[in-house]
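Asker: Provided herewith: input-v5.txt, compact mmCIF, N, CA and C atoms.
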```txt
# COMPACT_ATOMS: atom_id res chain seq x y z
N MET S 1 -5.25 -10.13 -10.89
CA MET S 1 -5.12 -9.43 -9.64
C MET S 1 -5.22 -7.95 -9.88
N GLN S 2 -5.81 -7.25 -8.94
CA GLN S 2 -5.95 -5.83 -9.10
C GLN S 2 -5.29 -5.11 -7.95
N ALA S 3 -4.56 -4.08 -8.28
CA ALA S 3 -4.01 -3.18 -7.28
C ALA S 3 -4.98 -2.03 -7.14
N PRO S 4 -4.92 -1.33 -6.04
CA PRO S 4 -5.82 -0.18 -5.88
C PRO S 4 -5.66 0.78 -7.03
N SER S 5 -6.78 1.27 -7.58
CA SER S 5 -6.72 2.10 -8.77
C SER S 5 -6.42 3.55 -8.46
N ASN S 6 -6.30 3.93 -7.19
CA ASN S 6 -6.01 5.31 -6.88
C ASN S 6 -4.51 5.61 -6.92
N GLN S 7 -3.72 4.71 -7.47
CA GLN S 7 -2.30 4.90 -7.61
C GLN S 7 -1.99 5.08 -9.09
N GLY S 8 -0.78 5.60 -9.40
CA GLY S 8 -0.35 5.75 -10.78
C GLY S 8 -0.03 4.42 -11.41
N ASP S 9 0.18 4.42 -12.73
CA ASP S 9 0.44 3.18 -13.46
C ASP S 9 1.65 2.43 -12.94
N SER S 10 2.78 3.12 -12.69
CA SER S 10 3.97 2.41 -12.21
C SER S 10 3.72 1.85 -10.82
N ASN S 11 2.95 2.55 -10.01
CA ASN S 11 2.63 2.05 -8.68
C ASN S 11 1.75 0.81 -8.77
N GLN S 12 0.81 0.79 -9.72
CA GLN S 12 -0.04 -0.37 -9.88
C GLN S 12 0.80 -1.58 -10.26
N THR S 13 1.74 -1.39 -11.13
CA THR S 13 2.60 -2.49 -11.55
C THR S 13 3.39 -3.03 -10.36
N GLN S 14 4.00 -2.16 -9.58
CA GLN S 14 4.77 -2.59 -8.42
C GLN S 14 3.88 -3.24 -7.38
N SER S 15 2.70 -2.69 -7.16
CA SER S 15 1.77 -3.26 -6.20
C SER S 15 1.30 -4.63 -6.63
N THR S 16 1.06 -4.80 -7.93
CA THR S 16 0.63 -6.08 -8.44
C THR S 16 1.72 -7.13 -8.27
N VAL S 17 2.97 -6.74 -8.48
CA VAL S 17 4.09 -7.66 -8.28
C VAL S 17 4.15 -8.10 -6.83
N VAL S 18 3.99 -7.17 -5.90
CA VAL S 18 3.99 -7.51 -4.47
C VAL S 18 2.86 -8.49 -4.18
N ALA S 19 1.65 -8.22 -4.69
CA ALA S 19 0.50 -9.09 -4.46
C ALA S 19 0.74 -10.48 -5.04
N GLN S 20 1.34 -10.55 -6.22
CA GLN S 20 1.60 -11.85 -6.83
C GLN S 20 2.62 -12.64 -6.03
N GLN S 21 3.63 -11.97 -5.49
CA GLN S 21 4.65 -12.65 -4.70
C GLN S 21 4.05 -13.26 -3.45
N VAL S 22 3.09 -12.58 -2.86
CA VAL S 22 2.46 -13.06 -1.63
C VAL S 22 1.30 -14.00 -1.94
N GLY S 23 0.69 -13.88 -3.12
CA GLY S 23 -0.41 -14.74 -3.51
C GLY S 23 -1.76 -14.26 -3.06
N VAL S 24 -1.91 -12.95 -2.88
CA VAL S 24 -3.17 -12.37 -2.42
C VAL S 24 -3.69 -11.42 -3.50
N MET S 25 -4.97 -11.54 -3.83
CA MET S 25 -5.59 -10.63 -4.78
C MET S 25 -6.03 -9.38 -4.03
N LEU S 26 -5.91 -8.23 -4.69
CA LEU S 26 -6.29 -6.96 -4.08
C LEU S 26 -7.32 -6.25 -4.94
N SER S 27 -8.23 -5.54 -4.29
CA SER S 27 -9.21 -4.75 -5.01
C SER S 27 -9.60 -3.55 -4.15
N ASN S 28 -9.78 -2.40 -4.79
CA ASN S 28 -10.22 -1.23 -4.04
C ASN S 28 -11.74 -1.09 -4.06
N VAL S 29 -12.44 -2.10 -4.56
CA VAL S 29 -13.90 -2.14 -4.53
C VAL S 29 -14.33 -3.35 -3.70
N GLU S 30 -15.64 -3.58 -3.61
CA GLU S 30 -16.17 -4.61 -2.71
C GLU S 30 -16.05 -6.04 -3.23
N THR S 31 -15.57 -6.22 -4.44
CA THR S 31 -15.49 -7.55 -5.03
C THR S 31 -14.16 -7.74 -5.74
N ILE S 32 -13.89 -8.98 -6.11
CA ILE S 32 -12.80 -9.30 -7.02
C ILE S 32 -13.50 -9.71 -8.31
N PRO S 33 -13.37 -8.91 -9.37
CA PRO S 33 -14.09 -9.23 -10.61
C PRO S 33 -13.84 -10.66 -11.08
N GLY S 34 -14.92 -11.36 -11.40
CA GLY S 34 -14.83 -12.73 -11.88
C GLY S 34 -14.74 -13.76 -10.77
N LYS S 35 -14.74 -13.33 -9.52
CA LYS S 35 -14.63 -14.25 -8.38
C LYS S 35 -15.85 -14.07 -7.48
N THR S 36 -16.10 -15.09 -6.67
CA THR S 36 -17.19 -15.05 -5.70
C THR S 36 -16.61 -15.09 -4.29
N ILE S 37 -17.02 -14.13 -3.46
CA ILE S 37 -16.58 -14.11 -2.07
C ILE S 37 -17.38 -15.16 -1.31
N VAL S 38 -16.67 -16.12 -0.70
CA VAL S 38 -17.36 -17.19 0.03
C VAL S 38 -17.23 -17.03 1.54
N GLN S 39 -16.30 -16.18 1.98
CA GLN S 39 -16.14 -15.96 3.42
C GLN S 39 -15.45 -14.64 3.64
N SER S 40 -15.93 -13.89 4.64
CA SER S 40 -15.29 -12.63 5.04
C SER S 40 -14.56 -12.88 6.35
N LEU S 41 -13.32 -12.42 6.43
CA LEU S 41 -12.47 -12.72 7.58
C LEU S 41 -12.17 -11.50 8.44
N GLY S 42 -12.77 -10.37 8.13
CA GLY S 42 -12.57 -9.17 8.92
C GLY S 42 -11.49 -8.25 8.38
N VAL S 43 -11.31 -7.14 9.08
CA VAL S 43 -10.37 -6.11 8.67
C VAL S 43 -8.93 -6.58 8.89
N VAL S 44 -8.09 -6.34 7.89
CA VAL S 44 -6.66 -6.59 8.01
C VAL S 44 -5.93 -5.27 7.78
N THR S 45 -4.79 -5.13 8.43
CA THR S 45 -4.04 -3.88 8.35
C THR S 45 -2.56 -4.13 8.16
N GLY S 46 -1.90 -3.11 7.72
CA GLY S 46 -0.45 -3.12 7.65
C GLY S 46 0.01 -1.68 7.72
N SER S 47 1.09 -1.43 8.44
CA SER S 47 1.57 -0.05 8.53
C SER S 47 3.08 -0.03 8.62
N THR S 48 3.62 1.13 8.33
CA THR S 48 5.04 1.38 8.50
C THR S 48 5.20 2.85 8.84
N VAL S 49 6.18 3.14 9.65
CA VAL S 49 6.51 4.52 10.00
C VAL S 49 7.89 4.81 9.43
N ARG S 50 7.97 5.85 8.65
CA ARG S 50 9.23 6.20 7.99
C ARG S 50 9.62 7.62 8.36
N ALA S 51 10.92 7.83 8.49
CA ALA S 51 11.46 9.16 8.75
C ALA S 51 12.13 9.68 7.49
N LYS S 52 12.10 10.99 7.34
CA LYS S 52 12.76 11.62 6.21
C LYS S 52 14.28 11.53 6.40
N ASN S 53 14.97 11.57 5.29
CA ASN S 53 16.42 11.49 5.27
C ASN S 53 16.98 12.89 5.05
N ILE S 54 18.04 13.25 5.78
CA ILE S 54 18.61 14.60 5.65
C ILE S 54 19.02 14.89 4.21
N GLY S 55 19.61 13.92 3.53
CA GLY S 55 20.00 14.11 2.14
C GLY S 55 18.80 14.38 1.26
N LYS S 56 17.73 13.63 1.48
CA LYS S 56 16.51 13.83 0.69
C LYS S 56 15.88 15.18 1.02
N ASP S 57 15.94 15.59 2.30
CA ASP S 57 15.41 16.90 2.69
C ASP S 57 16.16 18.02 1.99
N PHE S 58 17.46 17.91 1.93
CA PHE S 58 18.28 18.94 1.29
C PHE S 58 17.94 19.04 -0.20
N LEU S 59 17.90 17.88 -0.87
CA LEU S 59 17.56 17.88 -2.30
C LEU S 59 16.14 18.36 -2.54
N ALA S 60 15.22 18.01 -1.64
CA ALA S 60 13.84 18.47 -1.78
C ALA S 60 13.77 19.98 -1.62
N GLY S 61 14.56 20.53 -0.71
CA GLY S 61 14.60 21.98 -0.53
C GLY S 61 15.07 22.68 -1.79
N LEU S 62 16.09 22.11 -2.44
CA LEU S 62 16.57 22.69 -3.70
C LEU S 62 15.50 22.59 -4.78
N LYS S 63 14.81 21.45 -4.82
CA LYS S 63 13.77 21.23 -5.83
C LYS S 63 12.62 22.21 -5.62
N ASN S 64 12.34 22.57 -4.36
CA ASN S 64 11.28 23.54 -4.08
C ASN S 64 11.58 24.88 -4.73
N ILE S 65 12.84 25.21 -4.87
CA ILE S 65 13.22 26.49 -5.47
C ILE S 65 12.94 26.49 -6.96
N VAL S 66 13.31 25.40 -7.65
CA VAL S 66 13.18 25.35 -9.10
C VAL S 66 11.92 24.62 -9.57
N GLY S 67 11.27 23.88 -8.69
CA GLY S 67 10.06 23.15 -9.04
C GLY S 67 10.37 21.76 -9.58
N GLY S 68 9.36 20.93 -9.65
CA GLY S 68 9.52 19.58 -10.16
C GLY S 68 9.19 18.52 -9.13
N GLU S 69 9.24 17.29 -9.57
CA GLU S 69 8.92 16.17 -8.69
C GLU S 69 10.01 15.95 -7.66
N LEU S 70 9.61 15.65 -6.45
CA LEU S 70 10.54 15.32 -5.37
C LEU S 70 10.72 13.80 -5.39
N THR S 71 11.59 13.32 -6.27
CA THR S 71 11.70 11.88 -6.52
C THR S 71 12.14 11.11 -5.29
N GLY S 72 12.96 11.70 -4.43
CA GLY S 72 13.36 11.01 -3.20
C GLY S 72 12.17 10.68 -2.33
N TYR S 73 11.23 11.63 -2.22
CA TYR S 73 10.02 11.39 -1.43
C TYR S 73 9.07 10.44 -2.14
N THR S 74 9.00 10.55 -3.46
CA THR S 74 8.17 9.63 -4.22
C THR S 74 8.61 8.19 -3.99
N GLU S 75 9.91 7.95 -4.04
CA GLU S 75 10.45 6.61 -3.81
C GLU S 75 10.19 6.16 -2.37
N LEU S 76 10.37 7.06 -1.41
CA LEU S 76 10.12 6.73 -0.01
C LEU S 76 8.67 6.32 0.21
N LEU S 77 7.74 7.06 -0.39
CA LEU S 77 6.33 6.73 -0.23
C LEU S 77 5.98 5.42 -0.92
N GLN S 78 6.57 5.16 -2.09
CA GLN S 78 6.30 3.89 -2.77
C GLN S 78 6.79 2.71 -1.94
N GLU S 79 8.00 2.83 -1.39
CA GLU S 79 8.52 1.77 -0.52
C GLU S 79 7.61 1.57 0.68
N SER S 80 7.12 2.66 1.24
CA SER S 80 6.23 2.59 2.40
C SER S 80 4.91 1.91 2.04
N ARG S 81 4.33 2.27 0.89
CA ARG S 81 3.08 1.63 0.45
C ARG S 81 3.28 0.13 0.27
N ASN S 82 4.38 -0.24 -0.38
CA ASN S 82 4.63 -1.67 -0.61
C ASN S 82 4.83 -2.42 0.70
N GLU S 83 5.54 -1.82 1.64
CA GLU S 83 5.75 -2.49 2.93
C GLU S 83 4.43 -2.62 3.70
N ALA S 84 3.64 -1.56 3.74
CA ALA S 84 2.36 -1.61 4.44
C ALA S 84 1.42 -2.63 3.78
N MET S 85 1.38 -2.66 2.44
CA MET S 85 0.54 -3.63 1.74
C MET S 85 1.03 -5.04 1.99
N GLY S 86 2.32 -5.24 1.98
CA GLY S 86 2.87 -6.57 2.25
C GLY S 86 2.46 -7.08 3.62
N ARG S 87 2.51 -6.22 4.61
CA ARG S 87 2.10 -6.60 5.97
C ARG S 87 0.61 -6.90 6.03
N MET S 88 -0.19 -6.10 5.32
CA MET S 88 -1.63 -6.34 5.27
C MET S 88 -1.92 -7.69 4.61
N MET S 89 -1.23 -7.98 3.51
CA MET S 89 -1.45 -9.25 2.81
C MET S 89 -0.99 -10.44 3.65
N GLN S 90 0.09 -10.28 4.39
CA GLN S 90 0.55 -11.36 5.28
C GLN S 90 -0.49 -11.64 6.35
N GLU S 91 -1.12 -10.59 6.89
CA GLU S 91 -2.18 -10.80 7.88
C GLU S 91 -3.36 -11.53 7.25
N CYS S 92 -3.68 -11.18 6.01
CA CYS S 92 -4.76 -11.87 5.29
C CYS S 92 -4.46 -13.36 5.17
N LEU S 93 -3.24 -13.68 4.74
CA LEU S 93 -2.84 -15.08 4.61
C LEU S 93 -2.89 -15.80 5.95
N SER S 94 -2.46 -15.13 7.02
CA SER S 94 -2.44 -15.78 8.34
C SER S 94 -3.85 -16.09 8.83
N ARG S 95 -4.85 -15.38 8.32
CA ARG S 95 -6.25 -15.66 8.68
C ARG S 95 -6.89 -16.67 7.73
N GLY S 96 -6.16 -17.09 6.71
CA GLY S 96 -6.70 -18.06 5.77
C GLY S 96 -7.34 -17.45 4.54
N GLY S 97 -7.14 -16.16 4.32
CA GLY S 97 -7.73 -15.49 3.17
C GLY S 97 -6.84 -15.57 1.93
N ASN S 98 -7.44 -15.26 0.79
CA ASN S 98 -6.67 -15.21 -0.45
C ASN S 98 -6.92 -13.92 -1.22
N ALA S 99 -7.63 -12.96 -0.60
CA ALA S 99 -7.89 -11.68 -1.24
C ALA S 99 -8.20 -10.63 -0.18
N VAL S 100 -7.96 -9.36 -0.54
CA VAL S 100 -8.34 -8.24 0.31
C VAL S 100 -9.14 -7.28 -0.57
N VAL S 101 -10.35 -6.97 -0.12
CA VAL S 101 -11.22 -6.04 -0.85
C VAL S 101 -11.34 -4.73 -0.08
N ASN S 102 -11.82 -3.71 -0.77
CA ASN S 102 -11.95 -2.37 -0.18
C ASN S 102 -10.62 -1.85 0.37
N VAL S 103 -9.55 -2.07 -0.37
CA VAL S 103 -8.23 -1.63 0.08
C VAL S 103 -8.17 -0.11 0.09
N ARG S 104 -7.65 0.43 1.19
CA ARG S 104 -7.51 1.87 1.36
C ARG S 104 -6.15 2.16 1.99
N PHE S 105 -5.71 3.41 1.81
CA PHE S 105 -4.47 3.89 2.43
C PHE S 105 -4.77 5.14 3.23
N ALA S 106 -4.02 5.32 4.31
CA ALA S 106 -4.11 6.53 5.11
C ALA S 106 -2.70 6.89 5.56
N THR S 107 -2.50 8.17 5.80
CA THR S 107 -1.21 8.62 6.32
C THR S 107 -1.45 9.50 7.53
N SER S 108 -0.45 9.56 8.39
CA SER S 108 -0.53 10.47 9.53
C SER S 108 0.87 10.83 9.97
N ALA S 109 1.01 12.05 10.48
CA ALA S 109 2.28 12.49 11.03
C ALA S 109 2.43 11.87 12.42
N VAL S 110 3.57 11.26 12.67
CA VAL S 110 3.80 10.61 13.96
C VAL S 110 4.68 11.49 14.85
N ALA S 111 5.72 12.04 14.26
CA ALA S 111 6.65 12.92 14.95
C ALA S 111 7.26 13.84 13.91
N GLY S 112 8.01 14.83 14.35
CA GLY S 112 8.64 15.73 13.39
C GLY S 112 9.50 14.95 12.41
N GLY S 113 9.15 15.02 11.13
CA GLY S 113 9.94 14.35 10.10
C GLY S 113 9.61 12.88 9.91
N ALA S 114 8.62 12.35 10.63
CA ALA S 114 8.25 10.94 10.48
C ALA S 114 6.75 10.84 10.22
N ALA S 115 6.40 9.88 9.37
CA ALA S 115 4.99 9.68 9.03
C ALA S 115 4.68 8.20 8.96
N GLU S 116 3.42 7.88 9.28
CA GLU S 116 2.95 6.50 9.17
C GLU S 116 2.16 6.37 7.87
N LEU S 117 2.37 5.28 7.17
CA LEU S 117 1.53 4.93 6.04
C LEU S 117 0.80 3.66 6.44
N PHE S 118 -0.51 3.68 6.36
CA PHE S 118 -1.38 2.63 6.88
C PHE S 118 -2.22 2.08 5.73
N ALA S 119 -2.19 0.78 5.52
CA ALA S 119 -3.03 0.12 4.51
C ALA S 119 -4.04 -0.76 5.23
N TYR S 120 -5.28 -0.77 4.75
CA TYR S 120 -6.29 -1.61 5.38
C TYR S 120 -7.34 -2.03 4.37
N GLY S 121 -8.01 -3.10 4.70
CA GLY S 121 -9.07 -3.63 3.85
C GLY S 121 -9.72 -4.80 4.54
N THR S 122 -10.60 -5.49 3.82
CA THR S 122 -11.30 -6.65 4.37
C THR S 122 -10.74 -7.92 3.74
N ALA S 123 -10.24 -8.81 4.59
CA ALA S 123 -9.72 -10.10 4.12
C ALA S 123 -10.91 -11.00 3.78
N VAL S 124 -10.81 -11.68 2.64
CA VAL S 124 -11.88 -12.57 2.22
C VAL S 124 -11.29 -13.83 1.60
N VAL S 125 -12.14 -14.83 1.47
CA VAL S 125 -11.81 -16.03 0.70
C VAL S 125 -12.65 -15.96 -0.55
N VAL S 126 -12.01 -16.07 -1.72
CA VAL S 126 -12.75 -16.03 -2.98
C VAL S 126 -12.51 -17.33 -3.75
N GLN S 127 -13.49 -17.67 -4.58
CA GLN S 127 -13.37 -18.83 -5.48
C GLN S 127 -13.48 -18.35 -6.90
```
Taking this structure as input, can you express it in the form of structure tokens?

Answerer:
Amino acid sequence: MQAPSNQGDSNQTQSTVVAQQVGVMLSNVETIPGKTIVQSLGVVTGSTVRAKNIGKDFLAGLKNIVGGELTGYTELLQESRNEAMGRMMQECLSRGGNAVVNVRFATSAVAGGAAELFAYGTAVVVQ
């Protein structure tokens, strides 16, 4: 199984675990290496909207002064990616698919302090 390659190594590992739990193969390209696509089932999506936490905002503000990774936000985004991917994979399964190709992520601001993380791709059946 492949997780999207535009994520870091730890993210790939977590994403792969999520995919294995659901039983859906993921690829950020048009194919699943070593498999043949026998049916395309259309676009599948998953999204989540998350709000920032006051505690995380305060710590992030302090981190902005001294520099470094904003780990609270990193964790929030990873949780959001996993939730959005899980929803996308569940939609794939509900359509009878076993893989999602061309997986992509998008983000957008929804309201002050809240953002949507959106995962999408093409559900397929592979052999």

Asker: Enumerate the residues of range 29-100 of chain S with a DSSP assignment of helix (DSSP H, G or I), computed from the backbone, and present them as a ChimeraX atom specification.

Answerer: /S:54-66,71-94

Asker: Point out the residue among S:Cys92, S:Val103, S:Glu79, S:Thr122 with the least atom-to-atom distance to Val49 in chain S, counting only C-alpha atoms.

Answerer: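 Using only C-alpha atoms, Val49 in chain S sits closest to S:Glu79.
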
Asker: For Pro33 in chain S, which residue among S:Ala111, S:Asn82, S:Val101, S:Glu116 is the nearest when counting only C-alpha atoms?

Answerer: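 Using only C-alpha atoms, Pro33 in chain S sits closest to S:Val101.
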
Asker: List every protein, DNA or RNA residue that has at least one atom no more than 6 Å from (-6.6, -3.2, -2.0) in the file's coordinates, counting all atoms listed in the file, and write the result as number ranges by chain.

Answerer: S: 3-4, 26-28, 100-104

Asker: Identify which of the residues S:Ala119, S:Thr31, S:Ser80, S:Thr107 lies closest to Arg50 in chain S, counting only C-alpha atoms when measuring atom-to-atom distances.

Answerer: S:Ser80

Asker: One decimal, Å: what's the distance from atom C of Leu117 in chain S over to CA of Gly67 in chain S, could you say?

Answerer: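 So the two atoms, atom C of Leu117 in chain S and CA of Gly67 in chain S, lie 26.6 Å apart.
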
Asker: Can you work out which one of S:Thr48, S:Val124, S:Thr71, S:Leu93 has the shortest atom-to-atom distance to Ala106 in chain S, counting only C-alpha atoms?

Answerer: S:Thr48
